[in-house]
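Please read the structure below before turning to the comments.
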Amino acid sequence: MKLLAKILRKSIQAGGSEVTVKAETELVEAYLKIQRYRFDERIQYRIQMNQEVEDCRILPLILQPLVENSIIHGLETKEGTGCILVRIEERQEQLFITVEDNGVGMDEEQLGQLQKELGRRSLNRSHVGVCNVHERIRLKYGEEFGLSIQSIKGKMTQVVLHLPACR
């Protein structure tokens, strides 16, 4: 119950202001712990981040929807153990946040449809969470930023958030 309260409190406090990477990953970790209660040992996760990116400021609630998608669309129907890796790193003075799972993945048609939706500015989308995160990033940081997705049916999905350098 404490984990759920922590998630709700952080969600309410976030508002529109930026949060630290550390705060965002703490929220995601609380969410993942709740999912571990639900799925028991069927879901494993790891969060990798260098200490120098912990204080970087990013938009709030851009990571949790991606992790949630990994569970709902990638791991819920997967047989055996599912793994989620969240990796946060600064490269070439830019911040990259990767959410990767070993779930059921998407075929080329599904992936193409999702990528097409990312390019559209429409409220009539089926991938609301992912598109919302992408659009919020682009509105805040510029058109050159956002997310990209790769997937292999039956193997994996990887979503990469591309953000400006740490502030």
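By order of appearance in the structure tokens: chains A, B, ..., then residues from 1 within every chain, and ligands from 1 in the order shown.
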Please identify every residue of stretch 21-105 of chain A that has at least one atom no farther than 10 Å from an atom of stretch 159-166 of chain A, counting only C-alpha atoms, and for each give the shortest atom pair and the distance in Å to one decimal, arranged by chain then increasing number, as a Markdown table.
| residue | atom | partner | partner_atom | distance |
| --- | --- | --- | --- | --- |
| A:Val21 | CA | A:Cys166 | CA | 9.6 |
| A:Glu52 | CA | A:Cys166 | CA | 9.3 |
| A:Val53 | CA | A:Cys166 | CA | 7.1 |
| A:Glu54 | CA | A:Cys166 | CA | 9.5 |
| A:Asp55 | CA | A:Cys166 | CA | 8.0 |
| A:Cys56 | CA | A:Cys166 | CA | 4.7 |
| A:Arg57 | CA | A:Cys166 | CA | 6.5 |
| A:Ile58 | CA | A:Leu163 | CA | 8.1 |
| A:Leu59 | CA | A:Leu163 | CA | 9.8 |
| A:Ile62 | CA | A:Leu161 | CA | 8.8 |
| A:Leu63 | CA | A:Leu161 | CA | 8.7 |
| A:Leu66 | CA | A:Val159 | CA | 7.6 |
| A:Val67 | CA | A:Val159 | CA | 9.5 |
| A:Ser70 | CA | A:Val159 | CA | 9.3 |
| A:Val86 | CA | A:Val159 | CA | 9.7 |
| A:Arg87 | CA | A:Val160 | CA | 9.3 |
| A:Ile88 | CA | A:Leu161 | CA | 9.4 |
| A:Glu90 | CA | A:Ala165 | CA | 7.2 |
| A:Arg91 | CA | A:Ala165 | CA | 8.5 |
| A:Gln92 | CA | A:Ala165 | CA | 8.4 |
| A:Glu93 | CA | A:Ala165 | CA | 5.0 |
| A:Gln94 | CA | A:Ala165 | CA | 4.0 |
| A:Leu95 | CA | A:Leu163 | CA | 5.0 |
| A:Phe96 | CA | A:His162 | CA | 4.9 |
| A:Ile97 | CA | A:Leu161 | CA | 5.0 |
| A:Thr98 | CA | A:Val160 | CA | 4.4 |
| A:Val99 | CA | A:Val159 | CA | 5.3 |
| A:Glu100 | CA | A:Val159 | CA | 6.3 |
| A:Asp101 | CA | A:Val159 | CA | 9.1 |
Residues of the last selection are to be written out with N, CA, C and O atoms, as an mmCIF file, in the first residue's frame.
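What follows is the written file selection35.cif:
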data_model
loop_
_atom_site.group_PDB
_atom_site.id
_atom_site.type_symbol
_atom_site.label_atom_id
_atom_site.label_comp_id
_atom_site.auth_asym_id
_atom_site.auth_seq_id
_atom_site.Cartn_x
_atom_site.Cartn_y
_atom_site.Cartn_z
ATOM 1 N N VAL A 21 15.999 12.834 -12.820
ATOM 2 C CA VAL A 21 15.998 11.460 -13.319
ATOM 3 C C VAL A 21 15.860 10.498 -12.143
ATOM 4 O O VAL A 21 15.129 9.512 -12.209
ATOM 5 N N GLU A 52 26.116 10.365 -12.522
ATOM 6 C CA GLU A 52 26.144 11.737 -13.047
ATOM 7 C C GLU A 52 24.847 12.158 -13.729
ATOM 8 O O GLU A 52 24.630 13.347 -13.959
ATOM 9 N N VAL A 53 23.958 11.222 -14.060
ATOM 10 C CA VAL A 53 22.687 11.604 -14.688
ATOM 11 C C VAL A 53 21.537 11.703 -13.687
ATOM 12 O O VAL A 53 20.451 12.155 -14.041
ATOM 13 N N GLU A 54 21.763 11.315 -12.445
ATOM 14 C CA GLU A 54 20.688 11.308 -11.439
ATOM 15 C C GLU A 54 20.037 12.669 -11.247
ATOM 16 O O GLU A 54 18.843 12.762 -11.007
ATOM 17 N N ASP A 55 20.821 13.742 -11.351
ATOM 18 C CA ASP A 55 20.290 15.078 -11.114
ATOM 19 C C ASP A 55 19.828 15.784 -12.379
ATOM 20 O O ASP A 55 19.393 16.940 -12.319
ATOM 21 N N CYS A 56 19.918 15.125 -13.518
ATOM 22 C CA CYS A 56 19.403 15.702 -14.760
ATOM 23 C C CYS A 56 17.905 15.939 -14.603
ATOM 24 O O CYS A 56 17.204 15.148 -13.977
ATOM 25 N N ARG A 57 17.414 17.000 -15.194
ATOM 26 C CA ARG A 57 15.994 17.337 -15.073
ATOM 27 C C ARG A 57 15.277 16.952 -16.360
ATOM 28 O O ARG A 57 15.733 17.294 -17.452
ATOM 29 N N ILE A 58 14.157 16.254 -16.180
ATOM 30 C CA ILE A 58 13.347 15.791 -17.311
ATOM 31 C C ILE A 58 11.872 16.025 -17.002
ATOM 32 O O ILE A 58 11.498 16.302 -15.862
ATOM 33 N N LEU A 59 11.043 15.876 -18.019
ATOM 34 C CA LEU A 59 9.599 15.966 -17.810
ATOM 35 C C LEU A 59 9.145 14.844 -16.886
ATOM 36 O O LEU A 59 9.657 13.720 -16.978
ATOM 37 N N ILE A 62 7.285 10.487 -17.857
ATOM 38 C CA ILE A 62 7.554 10.060 -19.235
ATOM 39 C C ILE A 62 8.105 8.640 -19.280
ATOM 40 O O ILE A 62 8.128 8.026 -20.339
ATOM 41 N N LEU A 63 8.499 8.120 -18.152
ATOM 42 C CA LEU A 63 9.090 6.789 -18.108
ATOM 43 C C LEU A 63 8.071 5.714 -17.724
ATOM 44 O O LEU A 63 8.037 4.636 -18.315
ATOM 45 N N LEU A 66 5.903 4.002 -20.425
ATOM 46 C CA LEU A 66 6.655 3.097 -21.294
ATOM 47 C C LEU A 66 6.887 1.753 -20.610
ATOM 48 O O LEU A 66 6.787 0.693 -21.229
ATOM 49 N N VAL A 67 7.191 1.805 -19.316
ATOM 50 C CA VAL A 67 7.363 0.575 -18.546
ATOM 51 C C VAL A 67 6.028 -0.162 -18.456
ATOM 52 O O VAL A 67 5.955 -1.387 -18.600
ATOM 53 N N SER A 70 5.439 -1.994 -21.603
ATOM 54 C CA SER A 70 6.250 -3.212 -21.655
ATOM 55 C C SER A 70 5.541 -4.364 -20.955
ATOM 56 O O SER A 70 5.544 -5.493 -21.439
ATOM 57 N N VAL A 86 15.755 -0.852 -17.893
ATOM 58 C CA VAL A 86 15.699 0.598 -18.063
ATOM 59 C C VAL A 86 17.141 1.084 -17.954
ATOM 60 O O VAL A 86 17.802 0.853 -16.949
ATOM 61 N N ARG A 87 17.620 1.722 -19.005
ATOM 62 C CA ARG A 87 19.007 2.193 -19.044
ATOM 63 C C ARG A 87 18.990 3.692 -19.332
ATOM 64 O O ARG A 87 18.360 4.139 -20.296
ATOM 65 N N ILE A 88 19.699 4.453 -18.508
ATOM 66 C CA ILE A 88 19.745 5.906 -18.666
ATOM 67 C C ILE A 88 21.204 6.307 -18.794
ATOM 68 O O ILE A 88 22.018 5.999 -17.923
ATOM 69 N N GLU A 90 24.086 9.338 -20.681
ATOM 70 C CA GLU A 90 24.364 10.554 -21.426
ATOM 71 C C GLU A 90 25.444 10.222 -22.448
ATOM 72 O O GLU A 90 26.472 9.640 -22.111
ATOM 73 N N ARG A 91 25.145 10.529 -23.712
ATOM 74 C CA ARG A 91 26.103 10.312 -24.797
ATOM 75 C C ARG A 91 26.102 11.540 -25.683
ATOM 76 O O ARG A 91 25.044 12.077 -25.993
ATOM 77 N N GLN A 92 27.261 11.945 -26.095
ATOM 78 C CA GLN A 92 27.407 13.080 -26.998
ATOM 79 C C GLN A 92 26.567 14.263 -26.529
ATOM 80 O O GLN A 92 25.858 14.903 -27.298
ATOM 81 N N GLU A 93 26.630 14.516 -25.227
ATOM 82 C CA GLU A 93 25.933 15.636 -24.596
ATOM 83 C C GLU A 93 24.425 15.607 -24.814
ATOM 84 O O GLU A 93 23.767 16.641 -24.927
ATOM 85 N N GLN A 94 23.872 14.403 -24.887
ATOM 86 C CA GLN A 94 22.429 14.214 -24.952
ATOM 87 C C GLN A 94 22.061 13.067 -24.029
ATOM 88 O O GLN A 94 22.887 12.207 -23.738
ATOM 89 N N LEU A 95 20.815 13.051 -23.579
ATOM 90 C CA LEU A 95 20.350 12.035 -22.648
ATOM 91 C C LEU A 95 19.502 11.010 -23.397
ATOM 92 O O LEU A 95 18.630 11.380 -24.186
ATOM 93 N N PHE A 96 19.793 9.737 -23.157
ATOM 94 C CA PHE A 96 19.039 8.646 -23.779
ATOM 95 C C PHE A 96 18.504 7.740 -22.674
ATOM 96 O O PHE A 96 19.266 7.285 -21.819
ATOM 97 N N ILE A 97 17.203 7.504 -22.696
ATOM 98 C CA ILE A 97 16.567 6.603 -21.740
ATOM 99 C C ILE A 97 15.958 5.466 -22.548
ATOM 100 O O ILE A 97 15.108 5.686 -23.408
ATOM 101 N N THR A 98 16.422 4.256 -22.277
ATOM 102 C CA THR A 98 15.972 3.083 -23.014
ATOM 103 C C THR A 98 15.143 2.195 -22.106
ATOM 104 O O THR A 98 15.538 1.907 -20.984
ATOM 105 N N VAL A 99 13.985 1.774 -22.605
ATOM 106 C CA VAL A 99 13.148 0.783 -21.930
ATOM 107 C C VAL A 99 13.046 -0.395 -22.883
ATOM 108 O O VAL A 99 12.529 -0.270 -23.987
ATOM 109 N N GLU A 100 13.590 -1.522 -22.450
ATOM 110 C CA GLU A 100 13.639 -2.707 -23.317
ATOM 111 C C GLU A 100 13.049 -3.897 -22.577
ATOM 112 O O GLU A 100 13.279 -4.075 -21.385
ATOM 113 N N ASP A 101 12.267 -4.691 -23.302
ATOM 114 C CA ASP A 101 11.717 -5.901 -22.698
ATOM 115 C C ASP A 101 11.940 -7.082 -23.631
ATOM 116 O O ASP A 101 12.187 -6.904 -24.824
#
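Running DSSP on the backbone gives strand (DSSP E) for these residues within stretch 10-88 of chain A: Val19, Thr20, Ile43, Gln44, Tyr45, Arg46, Ile47, Gln48, Met49, Arg57, Ile58, Gly82, Cys83, Ile84, Leu85, Val86, Arg87 and Ile88 of chain A.
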What's the 7 Å shell around stretch 27-31 of chain A, counting only C-alpha atoms, without same-chain residues fewer than 2 positions away, as number ranges by chain?
A: 3, 7, 23-25, 33-35, 63-64
Writing out the chosen residues with N, CA, C and O atoms as a PDB file, in the first residue's frame:
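So again.pdb came out as:
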ATOM      1  N   LEU A   3       3.690   1.663  -1.504  1.00  0.00           N
ATOM      2  CA  LEU A   3       4.193   1.897  -2.860  1.00  0.00           C
ATOM      3  C   LEU A   3       3.154   2.627  -3.705  1.00  0.00           C
ATOM      4  O   LEU A   3       3.483   3.550  -4.449  1.00  0.00           O
ATOM      5  N   ILE A   7       3.431   6.383  -5.443  1.00  0.00           N
ATOM      6  CA  ILE A   7       3.177   6.674  -6.858  1.00  0.00           C
ATOM      7  C   ILE A   7       2.151   7.794  -6.992  1.00  0.00           C
ATOM      8  O   ILE A   7       2.348   8.745  -7.757  1.00  0.00           O
ATOM      9  N   ALA A  23      14.314  10.967  -9.279  1.00  0.00           N
ATOM     10  CA  ALA A  23      12.921  10.948  -8.810  1.00  0.00           C
ATOM     11  C   ALA A  23      12.038  10.145  -9.769  1.00  0.00           C
ATOM     12  O   ALA A  23      11.173   9.378  -9.336  1.00  0.00           O
ATOM     13  N   GLU A  24      12.262  10.311 -11.058  1.00  0.00           N
ATOM     14  CA  GLU A  24      11.465   9.580 -12.051  1.00  0.00           C
ATOM     15  C   GLU A  24      11.730   8.077 -11.970  1.00  0.00           C
ATOM     16  O   GLU A  24      10.804   7.271 -12.067  1.00  0.00           O
ATOM     17  N   THR A  25      12.981   7.688 -11.761  1.00  0.00           N
ATOM     18  CA  THR A  25      13.283   6.260 -11.660  1.00  0.00           C
ATOM     19  C   THR A  25      12.766   5.670 -10.349  1.00  0.00           C
ATOM     20  O   THR A  25      12.385   4.500 -10.315  1.00  0.00           O
ATOM     21  N   LYS A  33       7.737  -2.627  -8.515  1.00  0.00           N
ATOM     22  CA  LYS A  33       7.590  -3.465  -7.315  1.00  0.00           C
ATOM     23  C   LYS A  33       6.144  -3.910  -7.147  1.00  0.00           C
ATOM     24  O   LYS A  33       5.882  -5.059  -6.775  1.00  0.00           O
ATOM     25  N   ILE A  34       5.215  -3.015  -7.423  1.00  0.00           N
ATOM     26  CA  ILE A  34       3.797  -3.389  -7.372  1.00  0.00           C
ATOM     27  C   ILE A  34       3.507  -4.474  -8.401  1.00  0.00           C
ATOM     28  O   ILE A  34       2.814  -5.455  -8.115  1.00  0.00           O
ATOM     29  N   GLN A  35       4.059  -4.330  -9.595  1.00  0.00           N
ATOM     30  CA  GLN A  35       3.841  -5.344 -10.637  1.00  0.00           C
ATOM     31  C   GLN A  35       4.469  -6.683 -10.249  1.00  0.00           C
ATOM     32  O   GLN A  35       3.947  -7.736 -10.596  1.00  0.00           O
ATOM     33  N   LEU A  63       8.499   8.120 -18.152  1.00  0.00           N
ATOM     34  CA  LEU A  63       9.090   6.789 -18.108  1.00  0.00           C
ATOM     35  C   LEU A  63       8.071   5.714 -17.724  1.00  0.00           C
ATOM     36  O   LEU A  63       8.037   4.636 -18.315  1.00  0.00           O
ATOM     37  N   GLN A  64       7.231   5.996 -16.764  1.00  0.00           N
ATOM     38  CA  GLN A  64       6.272   5.008 -16.269  1.00  0.00           C
ATOM     39  C   GLN A  64       5.331   4.490 -17.354  1.00  0.00           C
ATOM     40  O   GLN A  64       5.094   3.289 -17.436  1.00  0.00           O
TER      41      GLN A  64
END
Determine which residues of stretch 8-158 of chain A receive a DSSP assignment of helix (DSSP H, G or I), computed from the backbone, and state them as a compact mmCIF listing (two decimals) with N, CA, C and O atoms, in the first residue's frame.
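For reference, states_4.txt as written:
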# COMPACT_ATOMS: atom_id res chain seq x y z
N LEU A 8 1.06 7.69 -6.27
CA LEU A 8 0.02 8.72 -6.35
C LEU A 8 0.54 10.07 -5.89
O LEU A 8 0.28 11.10 -6.52
N ARG A 9 1.29 10.09 -4.81
CA ARG A 9 1.83 11.34 -4.28
C ARG A 9 2.77 11.99 -5.29
O ARG A 9 2.68 13.17 -5.58
N LYS A 10 3.68 11.20 -5.86
CA LYS A 10 4.63 11.74 -6.85
C LYS A 10 3.90 12.24 -8.10
O LYS A 10 4.28 13.25 -8.68
N SER A 11 2.87 11.53 -8.51
CA SER A 11 2.09 11.93 -9.69
C SER A 11 1.42 13.27 -9.48
O SER A 11 1.41 14.13 -10.36
N ILE A 12 0.86 13.46 -8.31
CA ILE A 12 0.18 14.71 -7.99
C ILE A 12 1.18 15.85 -7.86
O ILE A 12 0.95 16.95 -8.35
N GLN A 13 2.32 15.59 -7.22
CA GLN A 13 3.32 16.63 -6.99
C GLN A 13 4.00 17.07 -8.28
O GLN A 13 4.46 18.20 -8.38
N ALA A 14 4.07 16.18 -9.26
CA ALA A 14 4.84 16.46 -10.48
C ALA A 14 4.35 17.70 -11.20
O ALA A 14 5.14 18.54 -11.59
N VAL A 21 16.00 12.83 -12.82
CA VAL A 21 16.00 11.46 -13.32
C VAL A 21 15.86 10.50 -12.14
O VAL A 21 15.13 9.51 -12.21
N LYS A 22 16.54 10.81 -11.06
CA LYS A 22 16.46 9.96 -9.87
C LYS A 22 15.03 9.85 -9.36
O LYS A 22 14.55 8.75 -9.05
N ALA A 23 14.31 10.97 -9.28
CA ALA A 23 12.92 10.95 -8.81
C ALA A 23 12.04 10.14 -9.77
O ALA A 23 11.17 9.38 -9.34
N GLU A 24 12.26 10.31 -11.06
CA GLU A 24 11.46 9.58 -12.05
C GLU A 24 11.73 8.08 -11.97
O GLU A 24 10.80 7.27 -12.07
N THR A 25 12.98 7.69 -11.76
CA THR A 25 13.28 6.26 -11.66
C THR A 25 12.77 5.67 -10.35
O THR A 25 12.38 4.50 -10.32
N GLU A 26 12.73 6.46 -9.29
CA GLU A 26 12.15 5.98 -8.03
C GLU A 26 10.66 5.69 -8.21
O GLU A 26 10.14 4.70 -7.69
N LEU A 27 9.98 6.54 -8.95
CA LEU A 27 8.56 6.32 -9.25
C LEU A 27 8.37 5.04 -10.05
O LEU A 27 7.51 4.21 -9.74
N VAL A 28 9.21 4.85 -11.06
CA VAL A 28 9.14 3.65 -11.89
C VAL A 28 9.45 2.40 -11.07
O VAL A 28 8.80 1.36 -11.22
N GLU A 29 10.42 2.50 -10.19
CA GLU A 29 10.75 1.35 -9.37
C GLU A 29 9.60 0.97 -8.44
O GLU A 29 9.31 -0.21 -8.24
N ALA A 30 8.92 1.96 -7.88
CA ALA A 30 7.75 1.67 -7.04
C ALA A 30 6.67 0.97 -7.87
O ALA A 30 6.06 -0.01 -7.43
N TYR A 31 6.46 1.46 -9.10
CA TYR A 31 5.49 0.83 -10.00
C TYR A 31 5.89 -0.62 -10.30
O TYR A 31 5.06 -1.54 -10.26
N LEU A 32 7.15 -0.84 -10.58
CA LEU A 32 7.63 -2.19 -10.90
C LEU A 32 7.52 -3.14 -9.70
O LEU A 32 7.21 -4.32 -9.86
N LYS A 33 7.74 -2.63 -8.51
CA LYS A 33 7.59 -3.46 -7.31
C LYS A 33 6.14 -3.91 -7.15
O LYS A 33 5.88 -5.06 -6.78
N ILE A 34 5.21 -3.01 -7.42
CA ILE A 34 3.80 -3.39 -7.37
C ILE A 34 3.51 -4.47 -8.40
O ILE A 34 2.81 -5.46 -8.11
N GLN A 35 4.06 -4.33 -9.59
CA GLN A 35 3.84 -5.34 -10.64
C GLN A 35 4.47 -6.68 -10.25
O GLN A 35 3.95 -7.74 -10.60
N ARG A 36 5.57 -6.65 -9.53
CA ARG A 36 6.19 -7.90 -9.06
C ARG A 36 5.26 -8.63 -8.10
O ARG A 36 5.19 -9.86 -8.10
N TYR A 37 4.51 -7.88 -7.27
CA TYR A 37 3.52 -8.52 -6.40
C TYR A 37 2.45 -9.20 -7.24
O TYR A 37 2.01 -10.30 -6.94
N ARG A 38 2.06 -8.54 -8.31
CA ARG A 38 1.01 -9.06 -9.19
C ARG A 38 1.47 -10.29 -9.96
O ARG A 38 0.75 -11.26 -10.08
N PHE A 39 2.68 -10.24 -10.51
CA PHE A 39 3.16 -11.31 -11.38
C PHE A 39 4.14 -12.25 -10.70
O PHE A 39 4.64 -13.17 -11.34
N ASP A 40 4.45 -12.00 -9.46
CA ASP A 40 5.39 -12.81 -8.70
C ASP A 40 6.74 -12.82 -9.42
O ASP A 40 7.25 -11.78 -9.80
N GLU A 41 7.30 -13.97 -9.63
CA GLU A 41 8.63 -14.08 -10.23
C GLU A 41 8.61 -14.03 -11.76
O GLU A 41 9.66 -14.16 -12.40
N ARG A 42 7.44 -13.85 -12.37
CA ARG A 42 7.36 -13.82 -13.83
C ARG A 42 7.95 -12.54 -14.43
O ARG A 42 8.20 -12.49 -15.64
N GLN A 51 25.71 7.68 -11.96
CA GLN A 51 25.42 8.66 -10.92
C GLN A 51 25.35 10.08 -11.48
O GLN A 51 24.56 10.89 -11.01
N GLU A 52 26.12 10.37 -12.52
CA GLU A 52 26.14 11.74 -13.05
C GLU A 52 24.85 12.16 -13.73
O GLU A 52 24.63 13.35 -13.96
N VAL A 53 23.96 11.22 -14.06
CA VAL A 53 22.69 11.60 -14.69
C VAL A 53 21.54 11.70 -13.69
O VAL A 53 20.45 12.16 -14.04
N GLN A 64 7.23 6.00 -16.76
CA GLN A 64 6.27 5.01 -16.27
C GLN A 64 5.33 4.49 -17.35
O GLN A 64 5.09 3.29 -17.44
N PRO A 65 4.78 5.34 -18.24
CA PRO A 65 3.90 4.80 -19.29
C PRO A 65 4.61 3.80 -20.22
O PRO A 65 4.00 2.85 -20.70
N LEU A 66 5.90 4.00 -20.43
CA LEU A 66 6.66 3.10 -21.29
C LEU A 66 6.89 1.75 -20.61
O LEU A 66 6.79 0.69 -21.23
N VAL A 67 7.19 1.81 -19.32
CA VAL A 67 7.36 0.57 -18.55
C VAL A 67 6.03 -0.16 -18.46
O VAL A 67 5.96 -1.39 -18.60
N GLU A 68 4.96 0.59 -18.26
CA GLU A 68 3.62 -0.01 -18.21
C GLU A 68 3.29 -0.71 -19.53
O GLU A 68 2.76 -1.82 -19.54
N ASN A 69 3.63 -0.07 -20.66
CA ASN A 69 3.41 -0.70 -21.97
C ASN A 69 4.20 -1.99 -22.11
O ASN A 69 3.72 -2.97 -22.68
N SER A 70 5.44 -1.99 -21.60
CA SER A 70 6.25 -3.21 -21.66
C SER A 70 5.54 -4.36 -20.96
O SER A 70 5.54 -5.49 -21.44
N ILE A 71 4.94 -4.06 -19.83
CA ILE A 71 4.26 -5.11 -19.07
C ILE A 71 2.97 -5.53 -19.78
O ILE A 71 2.75 -6.71 -20.04
N ILE A 72 2.12 -4.57 -20.11
CA ILE A 72 0.81 -4.89 -20.68
C ILE A 72 0.92 -5.52 -22.05
O ILE A 72 0.30 -6.55 -22.32
N HIS A 73 1.71 -4.92 -22.94
CA HIS A 73 1.76 -5.39 -24.32
C HIS A 73 2.87 -6.39 -24.58
O HIS A 73 2.81 -7.14 -25.56
N GLY A 74 3.89 -6.40 -23.73
CA GLY A 74 5.03 -7.27 -23.98
C GLY A 74 5.11 -8.50 -23.10
O GLY A 74 5.44 -9.58 -23.58
N LEU A 75 4.82 -8.33 -21.82
CA LEU A 75 5.10 -9.41 -20.87
C LEU A 75 3.88 -10.14 -20.32
O LEU A 75 4.00 -11.29 -19.89
N GLU A 108 6.18 -6.34 -38.18
CA GLU A 108 6.52 -5.13 -38.92
C GLU A 108 5.32 -4.23 -39.17
O GLU A 108 5.43 -3.00 -39.13
N GLU A 109 4.17 -4.83 -39.40
CA GLU A 109 2.96 -4.05 -39.65
C GLU A 109 2.53 -3.28 -38.39
O GLU A 109 2.21 -2.10 -38.47
N GLN A 110 2.54 -3.95 -37.25
CA GLN A 110 2.17 -3.29 -35.99
C GLN A 110 3.15 -2.17 -35.66
O GLN A 110 2.75 -1.08 -35.27
N LEU A 111 4.43 -2.44 -35.83
CA LEU A 111 5.46 -1.44 -35.57
C LEU A 111 5.30 -0.25 -36.51
O LEU A 111 5.39 0.91 -36.09
N GLY A 112 5.06 -0.51 -37.77
CA GLY A 112 4.86 0.56 -38.74
C GLY A 112 3.67 1.44 -38.39
O GLY A 112 3.73 2.67 -38.51
N GLN A 113 2.58 0.80 -37.95
CA GLN A 113 1.39 1.56 -37.56
C GLN A 113 1.68 2.46 -36.37
O GLN A 113 1.29 3.63 -36.33
N LEU A 114 2.41 1.93 -35.39
CA LEU A 114 2.76 2.72 -34.21
C LEU A 114 3.67 3.88 -34.59
O LEU A 114 3.46 5.02 -34.16
N GLN A 115 4.66 3.64 -35.42
CA GLN A 115 5.56 4.71 -35.85
C GLN A 115 4.81 5.79 -36.65
O GLN A 115 5.10 6.97 -36.53
N LYS A 116 3.83 5.36 -37.41
CA LYS A 116 3.00 6.30 -38.16
C LYS A 116 2.20 7.19 -37.21
O LYS A 116 2.10 8.39 -37.40
N GLU A 117 1.66 6.58 -36.15
CA GLU A 117 0.89 7.34 -35.16
C GLU A 117 1.77 8.35 -34.43
O GLU A 117 1.29 9.42 -34.07
N LEU A 118 3.03 8.01 -34.21
CA LEU A 118 3.94 8.94 -33.54
C LEU A 118 4.12 10.22 -34.36
O LEU A 118 4.34 11.28 -33.79
N GLY A 119 4.04 10.10 -35.66
CA GLY A 119 4.22 11.25 -36.54
C GLY A 119 2.97 12.11 -36.70
O GLY A 119 3.04 13.22 -37.21
N VAL A 128 -2.17 5.79 -26.95
CA VAL A 128 -2.27 7.07 -26.27
C VAL A 128 -1.05 7.36 -25.40
O VAL A 128 -0.46 8.44 -25.49
N GLY A 129 -0.63 6.42 -24.56
CA GLY A 129 0.47 6.66 -23.63
C GLY A 129 1.78 6.98 -24.34
O GLY A 129 2.44 7.98 -24.03
N VAL A 130 2.14 6.15 -25.30
CA VAL A 130 3.39 6.34 -26.04
C VAL A 130 3.35 7.64 -26.83
O VAL A 130 4.30 8.42 -26.81
N CYS A 131 2.25 7.89 -27.51
CA CYS A 131 2.12 9.11 -28.31
C CYS A 131 2.13 10.36 -27.42
O CYS A 131 2.72 11.37 -27.79
N ASN A 132 1.51 10.27 -26.26
CA ASN A 132 1.50 11.38 -25.32
C ASN A 132 2.92 11.72 -24.86
O ASN A 132 3.32 12.88 -24.84
N VAL A 133 3.69 10.70 -24.50
CA VAL A 133 5.08 10.93 -24.07
C VAL A 133 5.87 11.57 -25.21
O VAL A 133 6.58 12.56 -25.01
N HIS A 134 5.75 11.03 -26.40
CA HIS A 134 6.47 11.55 -27.57
C HIS A 134 6.12 13.02 -27.83
O HIS A 134 7.00 13.87 -28.01
N GLU A 135 4.84 13.31 -27.80
CA GLU A 135 4.37 14.67 -28.09
C GLU A 135 4.81 15.65 -27.00
O GLU A 135 5.23 16.77 -27.30
N ARG A 136 4.75 15.25 -25.73
CA ARG A 136 5.18 16.12 -24.64
C ARG A 136 6.67 16.45 -24.77
O ARG A 136 7.08 17.60 -24.55
N ILE A 137 7.47 15.46 -25.12
CA ILE A 137 8.91 15.69 -25.29
C ILE A 137 9.16 16.68 -26.43
O ILE A 137 9.94 17.62 -26.29
N ARG A 138 8.49 16.47 -27.54
CA ARG A 138 8.70 17.35 -28.69
C ARG A 138 8.23 18.78 -28.43
O ARG A 138 8.87 19.73 -28.87
N LEU A 139 7.12 18.91 -27.73
CA LEU A 139 6.62 20.25 -27.40
C LEU A 139 7.57 20.98 -26.46
O LEU A 139 7.78 22.19 -26.59
N LYS A 140 8.14 20.28 -25.51
CA LYS A 140 9.02 20.89 -24.50
C LYS A 140 10.43 21.15 -25.04
O LYS A 140 10.99 22.21 -24.82
N TYR A 141 11.00 20.18 -25.74
CA TYR A 141 12.42 20.24 -26.11
C TYR A 141 12.69 20.49 -27.59
O TYR A 141 13.81 20.79 -27.96
